[in-house]
Amino acid sequence: MSHTLGDLASRINATLHGDPDCLIEGVAALANASKGTITFLADRRLTKYLKSTRASAVILQDELLGQCPVAALVTDNPYAAYARIASYLHPAKLPQPGVHPSTILGSGTCVDESASIGPGCVLGDGAVIAAGVRLDSACAIGSGVVIGADSHLCSRVTICDEVRIGQRAVIQPGAVIGSDGFGMASENGRWIKVPQLGGVCIGDDVEIGANTTIDRGTLDDTVVEDGVKIDNLVQVAHNVRIGAHTAIAGCTGISGSTLIGRHCKIGGGVGIVGHLRITDHVVLTGMSLVTRSISSPGVYSSGVPVQGNARWNRNCAHLRSLDRLARRLKMLDAQSRNRG
Amino acid sequence: MSHTLGDLASRINATLHGDPDCLIEGVAALANASKGTITFLADRRLTKYLKSTRASAVILQDELLGQCPVAALVTDNPYAAYARIASYLHPAKLPQPGVHPSTILGSGTCVDESASIGPGCVLGDGAVIAAGVRLDSACAIGSGVVIGADSHLCSRVTICDEVRIGQRAVIQPGAVIGSDGFGMASENGRWIKVPQLGGVCIGDDVEIGANTTIDRGTLDDTVVEDGVKIDNLVQVAHNVRIGAHTAIAGCTGISGSTLIGRHCKIGGGVGIVGHLRITDHVVLTGMSLVTRSISSPGVYSSGVPVQGNARWNRNCAHLRSLDRLARRLKMLDAQSRNRG
Amino acid sequence: MSHTLGDLASRINATLHGDPDCLIEGVAALANASKGTITFLADRRLTKYLKSTRASAVILQDELLGQCPVAALVTDNPYAAYARIASYLHPAKLPQPGVHPSTILGSGTCVDESASIGPGCVLGDGAVIAAGVRLDSACAIGSGVVIGADSHLCSRVTICDEVRIGQRAVIQPGAVIGSDGFGMASENGRWIKVPQLGGVCIGDDVEIGANTTIDRGTLDDTVVEDGVKIDNLVQVAHNVRIGAHTAIAGCTGISGSTLIGRHCKIGGGVGIVGHLRITDHVVLTGMSLVTRSISSPGVYSSGVPVQGNARWNRNCAHLRSLDRLARRLKMLDAQSRNRG
């Protein structure tokens, strides 16, 4: 399905420099685009590829217009504009509405007639599937689950009992939402399971990555607010609340009852201990460890980048006796002052 | 299903202060409990909420009895008592016994008539499912697997061939038990797979988290002893042994052939290298790295908490030349001694 | 199925010292082998067990022949030889060819008649399954997927649309290949999903661990080259390329568009940020963080091993003000020079 440049420009409110009737069939990367495609330039380090692009059009900012050898769509935010155009030119193939005969429906399930439930799914009693929802295949949906309109669950997603998912969610394969929180009481050296009686509430426009896990709350709900984006293999423990429009990269773990603010960006492999409060607009770089609440917006880090192993081992040995080293320095300092 | 306070007190051997006929319908958190619920106070920092609680009763320690405005159940370990009462007041809804018609049984499987096997499961040849076992849905159970009495496998759990699970296990969705260990021999720059011929043996009263993976042994078994609790997204490699009543938080990885003691508490995001021996009663805080065996009980750490990014980068730069800094200090020290 | 020592020796081109007609029924570990088994000695630290082994034969290097009390197969690389012999003595039980009646085939799927598709699988439209492929159970295979000859997908593997898998792949349970990359554009504080239009291309002889996730590319493919071995719970982001014969241990995360060289060994819990280039023959030890490209082969590290918690906290406090400490040292140094 091809579209004219004029149509594309008007969709993203861009200023078109070039032939509005030029036909565009798809998107491509700047460096290896071909005729009939549209590309974008958002990262200035790639400007060197602009001159020789073979794309039919480039989405870019006004300052780069002079260097563009082909048609241009000028906008302040080329990457966002590209995202919209890519979705428009390459719409997801929607399956036919209806419930595949191999899918097993519990009693009292309510599936909107515009929803598409693929093969091999299991829907628990009383589950409610809204209009336009798509379940690809082999999803396990618990009792009393509610899935909002136009949400898309990929294959093999598990939604446990009573979990509520908002509208336009995208949940990647293997994700588990509503597993029991890790709550235990210690008694005479043994662990007693604390029943996890809360639920999980996922807002609108949330994306959840492959094999990510989100536990249900102990008494209240675990909450993921609107517009949150979570990558693969992320662990969200019970009673966590993630504020709207926060993004969390892969392999990160958030311990129980921690509250994450809105518009945060959390890097990969980050660990956040439990019962903390992290304010809005906090950025955590990769492999950071957060052990205290953060009340000021900003960028925080504690990841240590690699060195050659031999050098690292020497440095690390001193790190492990840094207290002694610091005390020696303090003593020398005092001696020096006395001498001074 | 409501119970009298008198009944609840006797179940946990607590001393009741208040009306034994008062009816309790459920549990709630101290700060937002309502009439007809029972709550608990175990964390002293929450004592401020005690005075204004609207719960009908509070489980607490003797010292706090004087501050309790409502009925009280006095016990030494309020959290454990709460766990028992919550289980009692909110019992898991047990499905009907029997095998769902959509489930596929191999030849020679043996399913106790009191077990409940949900829809879409696959049971391999010769699998043995004991009394009271519950498989929710879409579980894949390999050949020769044995699952002990009253164990509960949530949806989409995978148990590979010949794995043995004890009694009263709880296995959260997406967990994989018995995948091949990561064993390879190097030959001329290529990897040759080493067959993983051992099994996995899971004891009684074990809980395993969502999307956690436990590999089978190379020749002997990987072993998880009684009462061990493992959180989500934990990796347990081949030939590991985890001692009884140890708890392991999310995103932790334990490499091959390492032996973990009993009653250990392992924080989230911890890494433990292979072929180590960690004694009983070891606590590892979050994001610690263990590269040597630990022979003394105690608390061990190596996680570095975050700082503001600019300050961290300055500190980290010095860390990466700490050896030079230490040598400079040593020289100054020597000079100072000579001078002294 | 037993084999003679002579047969085994010729299979691995080893020099046999002992009776070629001796029958061997299986493999075992050096320390607890019994009669009729063959074992190996590759780790010199285990030499102490050689003298008392009850195995019928030992695979070892020439230097140790003199200490071997039983028959010996002498070879330069005992571990690789053992791997081959273990596969030979303990071949995987192959299921019958054919498609289980419970499996759901899309339109235009093409399954070779020698392939075995277990119960509860779902194959999308146009999927192509080559000769000798084995899918254990409950796998979800997307549209247009191609799986090469003799590959083995364990239970509950998800392969998303259009992903291509080479020959002789082994994919452990719960792995997800082809989930959407974590690509988003920011616009007015909200995230817009960037369509992930690329695929994933997996080479020959690749092994992928349980619950590992490999995202599809944004425009081009994510690529895993021949002979790569990936452990459990590893995250491979969009547009990553992993060079041939590289091995990656569990819980590691590789961010988008990073290129990993050939013959690398990446430890567990490692984090690698996006858009980097790591050359061939790089070794990263456990829990390392890579924030810059690596252009020289070698061993790199940044993981900090644990200490007792109290001592670590003191050291860590100084680490967090290391810049001040370094400046104090510099001042003292200057004073000392002035004085000198």
# chains A, B, ... in the order shown; residues from 1 in each chain; ligands from 1

call {"tool": "select_by_dssp", "arguments": {"residues": "range 33-242 of chain C", "states": "strand (DSSP E or B)", "output": "NGL selection string"}}
result
:C and (37-40 or 57-60 or 71-74 or 98-99 or 104-105 or 110-111 or 116-117 or 122-123 or 128-129 or 134-135 or 140-141 or 146-147 or 152-153 or 158-159 or 164-165 or 170-171 or 176-179 or 184-187 or 190-193 or 200-202 or 207-208 or 213-215 or 222-224 or 229-230 or 235-236 or 241-242)

call {"tool": "select_by_dssp", "arguments": {"residues": "range 210-323 of chain A", "states": "helix (DSSP H, G or I)", "output": "number ranges by chain"}}
result
A: 309-319, 322-323

call {"tool": "write_last_selection", "arguments": {"atoms": "all heavy atoms", "output": "mmCIF file, in the first residue's frame"}}
result
data_model
loop_
_atom_site.group_PDB
_atom_site.id
_atom_site.type_symbol
_atom_site.label_atom_id
_atom_site.label_comp_id
_atom_site.auth_asym_id
_atom_site.auth_seq_id
_atom_site.Cartn_x
_atom_site.Cartn_y
_atom_site.Cartn_z
ATOM 1 N N ASN A 309 41.472 -6.894 32.558
ATOM 2 C CA ASN A 309 41.274 -7.665 33.786
ATOM 3 C C ASN A 309 42.391 -7.485 34.804
ATOM 4 O O ASN A 309 42.138 -7.341 36.009
ATOM 5 C CB ASN A 309 41.119 -9.145 33.404
ATOM 6 C CG ASN A 309 40.999 -10.048 34.600
ATOM 7 O OD1 ASN A 309 41.977 -10.658 35.017
ATOM 8 N ND2 ASN A 309 39.825 -10.116 35.188
ATOM 9 N N ALA A 310 43.647 -7.480 34.358
ATOM 10 C CA ALA A 310 44.769 -7.396 35.304
ATOM 11 C C ALA A 310 44.740 -6.051 36.028
ATOM 12 O O ALA A 310 44.877 -5.969 37.250
ATOM 13 C CB ALA A 310 46.091 -7.572 34.552
ATOM 14 N N ARG A 311 44.521 -4.995 35.253
ATOM 15 C CA ARG A 311 44.473 -3.664 35.847
ATOM 16 C C ARG A 311 43.271 -3.547 36.783
ATOM 17 O O ARG A 311 43.369 -2.971 37.874
ATOM 18 C CB ARG A 311 44.386 -2.626 34.725
ATOM 19 C CG ARG A 311 44.596 -1.220 35.228
ATOM 20 C CD ARG A 311 44.694 -0.211 34.099
ATOM 21 N NE ARG A 311 44.451 1.117 34.637
ATOM 22 C CZ ARG A 311 44.092 2.171 33.924
ATOM 23 N NH1 ARG A 311 43.955 2.064 32.611
ATOM 24 N NH2 ARG A 311 43.879 3.325 34.514
ATOM 25 N N TRP A 312 42.145 -4.084 36.351
ATOM 26 C CA TRP A 312 40.954 -4.027 37.206
ATOM 27 C C TRP A 312 41.192 -4.752 38.523
ATOM 28 O O TRP A 312 40.819 -4.255 39.598
ATOM 29 C CB TRP A 312 39.739 -4.624 36.497
ATOM 30 C CG TRP A 312 38.586 -4.779 37.428
ATOM 31 C CD1 TRP A 312 38.071 -5.925 37.925
ATOM 32 C CD2 TRP A 312 37.843 -3.707 38.035
ATOM 33 N NE1 TRP A 312 37.044 -5.656 38.799
ATOM 34 C CE2 TRP A 312 36.886 -4.298 38.886
ATOM 35 C CE3 TRP A 312 37.900 -2.316 37.941
ATOM 36 C CZ2 TRP A 312 35.989 -3.546 39.627
ATOM 37 C CZ3 TRP A 312 37.006 -1.563 38.686
ATOM 38 C CH2 TRP A 312 36.069 -2.165 39.516
ATOM 39 N N ASN A 313 41.840 -5.921 38.454
ATOM 40 C CA ASN A 313 42.073 -6.670 39.687
ATOM 41 C C ASN A 313 42.936 -5.883 40.663
ATOM 42 O O ASN A 313 42.700 -5.909 41.867
ATOM 43 C CB ASN A 313 42.722 -8.027 39.366
ATOM 44 C CG ASN A 313 41.692 -9.007 38.822
ATOM 45 O OD1 ASN A 313 40.488 -8.772 38.910
ATOM 46 N ND2 ASN A 313 42.175 -10.092 38.242
ATOM 47 N N ARG A 314 43.949 -5.173 40.126
ATOM 48 C CA ARG A 314 44.778 -4.343 41.023
ATOM 49 C C ARG A 314 43.946 -3.229 41.639
ATOM 50 O O ARG A 314 44.018 -2.979 42.838
ATOM 51 C CB ARG A 314 45.968 -3.758 40.249
ATOM 52 C CG ARG A 314 47.108 -4.746 40.017
ATOM 53 C CD ARG A 314 48.387 -4.035 39.578
ATOM 54 N NE ARG A 314 48.195 -3.212 38.393
ATOM 55 C CZ ARG A 314 48.287 -3.653 37.141
ATOM 56 N NH1 ARG A 314 48.577 -4.922 36.899
ATOM 57 N NH2 ARG A 314 48.099 -2.835 36.122
ATOM 58 N N ASN A 315 43.178 -2.534 40.811
ATOM 59 C CA ASN A 315 42.354 -1.444 41.330
ATOM 60 C C ASN A 315 41.336 -1.951 42.343
ATOM 61 O O ASN A 315 41.105 -1.354 43.393
ATOM 62 C CB ASN A 315 41.622 -0.741 40.179
ATOM 63 C CG ASN A 315 42.581 0.094 39.347
ATOM 64 O OD1 ASN A 315 43.535 0.658 39.883
ATOM 65 N ND2 ASN A 315 42.343 0.165 38.049
ATOM 66 N N CYS A 316 40.749 -3.080 42.013
ATOM 67 C CA CYS A 316 39.687 -3.629 42.845
ATOM 68 C C CYS A 316 40.229 -4.070 44.201
ATOM 69 O O CYS A 316 39.551 -3.940 45.217
ATOM 70 C CB CYS A 316 39.058 -4.795 42.088
ATOM 71 S SG CYS A 316 37.439 -5.228 42.676
ATOM 72 N N ALA A 317 41.462 -4.571 44.209
ATOM 73 C CA ALA A 317 42.077 -4.966 45.484
ATOM 74 C C ALA A 317 42.177 -3.740 46.404
ATOM 75 O O ALA A 317 41.899 -3.827 47.604
ATOM 76 C CB ALA A 317 43.459 -5.562 45.229
ATOM 77 N N HIS A 318 42.571 -2.589 45.850
ATOM 78 C CA HIS A 318 42.646 -1.372 46.665
ATOM 79 C C HIS A 318 41.261 -0.912 47.100
ATOM 80 O O HIS A 318 41.086 -0.410 48.200
ATOM 81 C CB HIS A 318 43.343 -0.258 45.881
ATOM 82 C CG HIS A 318 44.783 -0.535 45.637
ATOM 83 N ND1 HIS A 318 45.698 -0.653 46.657
ATOM 84 C CD2 HIS A 318 45.472 -0.726 44.495
ATOM 85 C CE1 HIS A 318 46.893 -0.904 46.152
ATOM 86 N NE2 HIS A 318 46.781 -0.964 44.836
ATOM 87 N N LEU A 319 40.289 -1.076 46.202
ATOM 88 C CA LEU A 319 38.916 -0.696 46.566
ATOM 89 C C LEU A 319 38.484 -1.454 47.813
ATOM 90 O O LEU A 319 37.827 -0.902 48.702
ATOM 91 C CB LEU A 319 37.977 -1.013 45.394
ATOM 92 C CG LEU A 319 36.484 -0.943 45.693
ATOM 93 C CD1 LEU A 319 36.090 0.437 46.196
ATOM 94 C CD2 LEU A 319 35.668 -1.288 44.459
ATOM 95 N N LEU A 322 39.938 0.234 50.817
ATOM 96 C CA LEU A 322 39.922 1.682 50.623
ATOM 97 C C LEU A 322 39.840 2.426 51.948
ATOM 98 O O LEU A 322 40.396 3.518 52.103
ATOM 99 C CB LEU A 322 38.730 2.049 49.722
ATOM 100 C CG LEU A 322 38.700 3.441 49.119
ATOM 101 C CD1 LEU A 322 39.986 3.744 48.366
ATOM 102 C CD2 LEU A 322 37.502 3.566 48.166
ATOM 103 N N ASP A 323 39.188 1.814 52.904
ATOM 104 C CA ASP A 323 39.062 2.457 54.203
ATOM 105 C C ASP A 323 40.441 2.646 54.843
ATOM 106 O O ASP A 323 40.759 3.714 55.372
ATOM 107 C CB ASP A 323 38.166 1.595 55.101
ATOM 108 C CG ASP A 323 37.905 2.246 56.442
ATOM 109 O OD1 ASP A 323 37.554 3.447 56.444
ATOM 110 O OD2 ASP A 323 38.055 1.571 57.466
#

call {"tool": "atom_distance", "arguments": {"atom1": "CA of Ala115 in chain C", "atom2": "CA of Ala149 in chain C"}}
result
8.7 Å

call {"tool": "atom_distance", "arguments": {"atom1": "CA of Gly268 in chain C", "atom2": "CA of Ala138 in chain C"}}
result
28.6 Å

call {"tool": "residues_around", "arguments": {"residues": "range 275-290 of chain B", "least_positions_apart": "2", "cutoff": "7 Å", "atoms": "only C-alpha atoms", "output": "PyMOL selection string"}}
result
(chain B and resi 256-273+292-303) or (chain C and resi 303-306)

call {"tool": "interface_residues", "arguments": {"of": "chain A", "to": "chain C", "cutoff": "8 Å", "atoms": "only C-alpha atoms", "output": "PDB file with C-alpha atoms, in the first residue's frame"}}
result
ATOM      1  CA  ALA A  28      14.161   2.356   5.352  1.00  0.00           C
ATOM      2  CA  ALA A  29      17.377   3.297   7.136  1.00  0.00           C
ATOM      3  CA  ASN A  77      10.954  15.822  15.941  1.00  0.00           C
ATOM      4  CA  TYR A  79      12.140  10.379  15.039  1.00  0.00           C
ATOM      5  CA  ALA A  80       8.601  10.698  16.369  1.00  0.00           C
ATOM      6  CA  TYR A  82       9.185   8.611  11.495  1.00  0.00           C
ATOM      7  CA  ALA A  83       7.502   6.386  14.086  1.00  0.00           C
ATOM      8  CA  ARG A  84       4.075   7.625  13.007  1.00  0.00           C
ATOM      9  CA  ALA A  86       6.290   3.755   9.771  1.00  0.00           C
ATOM     10  CA  SER A  87       3.120   2.641  11.571  1.00  0.00           C
ATOM     11  CA  HIS A  90       3.473  -0.790   7.656  1.00  0.00           C
ATOM     12  CA  PRO A 119      -5.466 -20.779  18.663  1.00  0.00           C
ATOM     13  CA  GLY A 120      -4.677 -22.585  21.874  1.00  0.00           C
ATOM     14  CA  SER A 137      -1.875 -17.824  20.424  1.00  0.00           C
ATOM     15  CA  ALA A 138      -1.454 -19.960  23.504  1.00  0.00           C
ATOM     16  CA  SER A 155       1.825 -15.554  21.997  1.00  0.00           C
ATOM     17  CA  ARG A 156       2.187 -17.366  25.294  1.00  0.00           C
ATOM     18  CA  GLN A 172       5.237  -9.399  24.301  1.00  0.00           C
ATOM     19  CA  PRO A 173       5.512 -13.204  24.381  1.00  0.00           C
ATOM     20  CA  GLY A 174       6.141 -15.031  27.619  1.00  0.00           C
ATOM     21  CA  GLY A 209       8.452  -6.927  27.208  1.00  0.00           C
ATOM     22  CA  ALA A 210       9.061 -10.592  26.532  1.00  0.00           C
ATOM     23  CA  ASN A 211       9.363 -12.839  29.603  1.00  0.00           C
ATOM     24  CA  GLY A 227       2.121   5.080  28.903  1.00  0.00           C
ATOM     25  CA  LYS A 229       7.092   1.051  28.559  1.00  0.00           C
ATOM     26  CA  ASP A 231      11.499  -3.989  28.150  1.00  0.00           C
ATOM     27  CA  ASN A 232      12.261  -7.736  28.286  1.00  0.00           C
ATOM     28  CA  LEU A 233      13.172  -9.767  31.388  1.00  0.00           C
ATOM     29  CA  HIS A 245       5.341   7.492  30.870  1.00  0.00           C
ATOM     30  CA  ALA A 249      15.116  -1.228  30.018  1.00  0.00           C
ATOM     31  CA  GLY A 250      15.798  -4.965  30.091  1.00  0.00           C
ATOM     32  CA  CYS A 251      17.023  -7.110  32.990  1.00  0.00           C
ATOM     33  CA  HIS A 263       8.703  10.225  33.178  1.00  0.00           C
ATOM     34  CA  GLY A 268      19.194  -1.988  31.810  1.00  0.00           C
ATOM     35  CA  GLY A 269      20.278  -4.258  34.619  1.00  0.00           C
ATOM     36  CA  GLY A 286      22.719   0.903  33.321  1.00  0.00           C
ATOM     37  CA  MET A 287      23.528  -1.474  36.181  1.00  0.00           C
ATOM     38  CA  GLY A 303      27.780   1.189  37.232  1.00  0.00           C
ATOM     39  CA  VAL A 304      31.520   0.637  36.859  1.00  0.00           C
ATOM     40  CA  PRO A 305      32.773   0.255  33.278  1.00  0.00           C
ATOM     41  CA  VAL A 306      35.199  -2.541  32.412  1.00  0.00           C
ATOM     42  CA  GLN A 307      38.992  -2.341  32.272  1.00  0.00           C
ATOM     43  CA  GLY A 308      41.569  -4.860  31.257  1.00  0.00           C
ATOM     44  CA  ASN A 309      41.274  -7.665  33.786  1.00  0.00           C
ATOM     45  CA  TRP A 312      40.954  -4.027  37.206  1.00  0.00           C
ATOM     46  CA  CYS A 316      39.687  -3.629  42.845  1.00  0.00           C
ATOM     47  CA  LEU A 319      38.916  -0.696  46.566  1.00  0.00           C
ATOM     48  CA  ARG A 320      38.493  -3.532  48.982  1.00  0.00           C
ATOM     49  CA  SER A 321      40.880  -1.877  51.447  1.00  0.00           C
ATOM     50  CA  LEU A 322      39.922   1.682  50.623  1.00  0.00           C
ATOM     51  CA  ASP A 323      39.062   2.457  54.203  1.00  0.00           C
ATOM     52  CA  ALA A 326      41.759   6.675  53.383  1.00  0.00           C
ATOM     53  CA  LEU A 329      45.874   9.533  53.891  1.00  0.00           C
ATOM     54  CA  ASP A 333      47.375  14.935  56.067  1.00  0.00           C
ATOM     55  CA  SER A 336      51.583  17.535  57.103  1.00  0.00           C
TER      56      SER A 336
END

call {"tool": "atom_distance", "arguments": {"atom1": "CA of His17 in chain B", "atom2": "CA of Arg44 in chain B"}}
result
20.2 Å

call {"tool": "residues_around", "arguments": {"residues": "Phe40 in chain B", "least_positions_apart": "3", "cutoff": "7 Å", "atoms": "only C-alpha atoms", "output": "PDB file with all heavy atoms, in the first residue's frame"}}
result
ATOM      1  N   LEU B  30      -2.878  -2.207  57.907  1.00  0.00           N
ATOM      2  CA  LEU B  30      -3.159  -1.418  59.105  1.00  0.00           C
ATOM      3  C   LEU B  30      -3.763  -0.057  58.758  1.00  0.00           C
ATOM      4  O   LEU B  30      -4.760   0.369  59.349  1.00  0.00           O
ATOM      5  CB  LEU B  30      -1.847  -1.224  59.877  1.00  0.00           C
ATOM      6  CG  LEU B  30      -1.915  -0.541  61.240  1.00  0.00           C
ATOM      7  CD1 LEU B  30      -2.691  -1.413  62.222  1.00  0.00           C
ATOM      8  CD2 LEU B  30      -0.509  -0.266  61.788  1.00  0.00           C
ATOM      9  N   VAL B  58      -6.251  -6.334  65.707  1.00  0.00           N
ATOM     10  CA  VAL B  58      -4.868  -6.197  65.263  1.00  0.00           C
ATOM     11  C   VAL B  58      -4.039  -7.317  65.902  1.00  0.00           C
ATOM     12  O   VAL B  58      -4.155  -7.558  67.108  1.00  0.00           O
ATOM     13  CB  VAL B  58      -4.275  -4.826  65.665  1.00  0.00           C
ATOM     14  CG1 VAL B  58      -2.845  -4.688  65.144  1.00  0.00           C
ATOM     15  CG2 VAL B  58      -5.149  -3.688  65.158  1.00  0.00           C
ATOM     16  N   ILE B  59      -3.197  -7.966  65.074  1.00  0.00           N
ATOM     17  CA  ILE B  59      -2.239  -8.941  65.601  1.00  0.00           C
ATOM     18  C   ILE B  59      -0.962  -8.175  65.922  1.00  0.00           C
ATOM     19  O   ILE B  59      -0.404  -7.507  65.039  1.00  0.00           O
ATOM     20  CB  ILE B  59      -1.938 -10.031  64.557  1.00  0.00           C
ATOM     21  CG1 ILE B  59      -3.243 -10.632  64.021  1.00  0.00           C
ATOM     22  CG2 ILE B  59      -1.029 -11.111  65.127  1.00  0.00           C
ATOM     23  CD1 ILE B  59      -3.039 -11.490  62.777  1.00  0.00           C
ATOM     24  N   LEU B  60      -0.507  -8.240  67.171  1.00  0.00           N
ATOM     25  CA  LEU B  60       0.686  -7.460  67.539  1.00  0.00           C
ATOM     26  C   LEU B  60       1.411  -8.097  68.706  1.00  0.00           C
ATOM     27  O   LEU B  60       0.943  -9.071  69.296  1.00  0.00           O
ATOM     28  CB  LEU B  60       0.325  -6.002  67.828  1.00  0.00           C
ATOM     29  CG  LEU B  60      -0.971  -5.664  68.591  1.00  0.00           C
ATOM     30  CD1 LEU B  60      -0.954  -6.251  69.974  1.00  0.00           C
ATOM     31  CD2 LEU B  60      -1.160  -4.158  68.633  1.00  0.00           C
ATOM     32  N   PRO B  78       4.012 -11.510  64.981  1.00  0.00           N
ATOM     33  CA  PRO B  78       2.746 -11.101  64.356  1.00  0.00           C
ATOM     34  C   PRO B  78       2.706 -11.362  62.849  1.00  0.00           C
ATOM     35  O   PRO B  78       1.639 -11.679  62.317  1.00  0.00           O
ATOM     36  CB  PRO B  78       2.688  -9.579  64.638  1.00  0.00           C
ATOM     37  CG  PRO B  78       3.568  -9.362  65.819  1.00  0.00           C
ATOM     38  CD  PRO B  78       4.660 -10.387  65.684  1.00  0.00           C
ATOM     39  N   TYR B  79       3.841 -11.257  62.152  1.00  0.00           N
ATOM     40  CA  TYR B  79       3.802 -11.410  60.692  1.00  0.00           C
ATOM     41  C   TYR B  79       3.501 -12.853  60.308  1.00  0.00           C
ATOM     42  O   TYR B  79       2.677 -13.132  59.430  1.00  0.00           O
ATOM     43  CB  TYR B  79       5.115 -10.944  60.077  1.00  0.00           C
ATOM     44  CG  TYR B  79       5.059 -10.757  58.576  1.00  0.00           C
ATOM     45  CD1 TYR B  79       3.955 -10.189  57.945  1.00  0.00           C
ATOM     46  CD2 TYR B  79       6.128 -11.151  57.777  1.00  0.00           C
ATOM     47  CE1 TYR B  79       3.914 -10.015  56.572  1.00  0.00           C
ATOM     48  CE2 TYR B  79       6.099 -10.976  56.405  1.00  0.00           C
ATOM     49  CZ  TYR B  79       4.985 -10.426  55.808  1.00  0.00           C
ATOM     50  OH  TYR B  79       4.943 -10.266  54.442  1.00  0.00           O
ATOM     51  N   TYR B  82      -0.052 -13.473  61.079  1.00  0.00           N
ATOM     52  CA  TYR B  82      -0.870 -12.876  60.018  1.00  0.00           C
ATOM     53  C   TYR B  82      -0.899 -13.789  58.790  1.00  0.00           C
ATOM     54  O   TYR B  82      -1.959 -14.002  58.180  1.00  0.00           O
ATOM     55  CB  TYR B  82      -0.329 -11.499  59.637  1.00  0.00           C
ATOM     56  CG  TYR B  82      -0.859 -11.037  58.305  1.00  0.00           C
ATOM     57  CD1 TYR B  82      -2.142 -10.505  58.201  1.00  0.00           C
ATOM     58  CD2 TYR B  82      -0.103 -11.175  57.142  1.00  0.00           C
ATOM     59  CE1 TYR B  82      -2.658 -10.119  56.973  1.00  0.00           C
ATOM     60  CE2 TYR B  82      -0.601 -10.798  55.920  1.00  0.00           C
ATOM     61  CZ  TYR B  82      -1.887 -10.281  55.839  1.00  0.00           C
ATOM     62  OH  TYR B  82      -2.386  -9.919  54.620  1.00  0.00           O
TER      63      TYR B  82
END

call {"tool": "residues_around", "arguments": {"residues": "Arg164 in chain B", "least_positions_apart": "4", "cutoff": "10 Å", "atoms": "only C-alpha atoms", "output": "short mmCIF file (atom, residue, chain, number, x, y, z; two decimals) with C-alpha atoms, in the first residue's frame"}}
result
data_model
loop_
_atom_site.label_atom_id
_atom_site.label_comp_id
_atom_site.auth_asym_id
_atom_site.auth_seq_id
_atom_site.Cartn_x
_atom_site.Cartn_y
_atom_site.Cartn_z
CA ALA B 127 4.41 -38.84 34.47
CA VAL B 128 3.12 -39.34 38.01
CA GLY B 144 8.85 -39.59 33.82
CA VAL B 145 8.19 -36.45 35.87
CA VAL B 146 6.99 -36.98 39.43
CA ILE B 147 4.99 -34.22 41.17
CA GLY B 148 4.39 -34.65 44.89
CA ILE B 159 8.85 -29.41 33.82
CA CYS B 160 11.30 -31.32 31.65
CA ILE B 177 12.68 -26.74 35.49
CA GLY B 178 15.05 -29.20 33.90
CA GLY B 199 18.02 -34.44 36.52
CA VAL B 200 16.54 -31.92 38.94
CA CYS B 201 15.30 -32.81 42.38
CA ILE B 202 13.05 -30.27 44.12
CA GLY B 203 12.25 -30.88 47.80
CA VAL B 223 19.08 -30.10 43.89
#

call {"tool": "residues_around", "arguments": {"residues": "Ala57 in chain C", "least_positions_apart": "6", "cutoff": "6 Å", "atoms": "only C-alpha atoms", "output": "ChimeraX atom specification"}}
result
/C:38,70-72

call {"tool": "residues_around", "arguments": {"residues": "Gly6 in chain A", "least_positions_apart": "3", "cutoff": "9 Å", "atoms": "only C-alpha atoms", "output": "ChimeraX atom specification"}}
result
/A:3,9-11,16,18-22
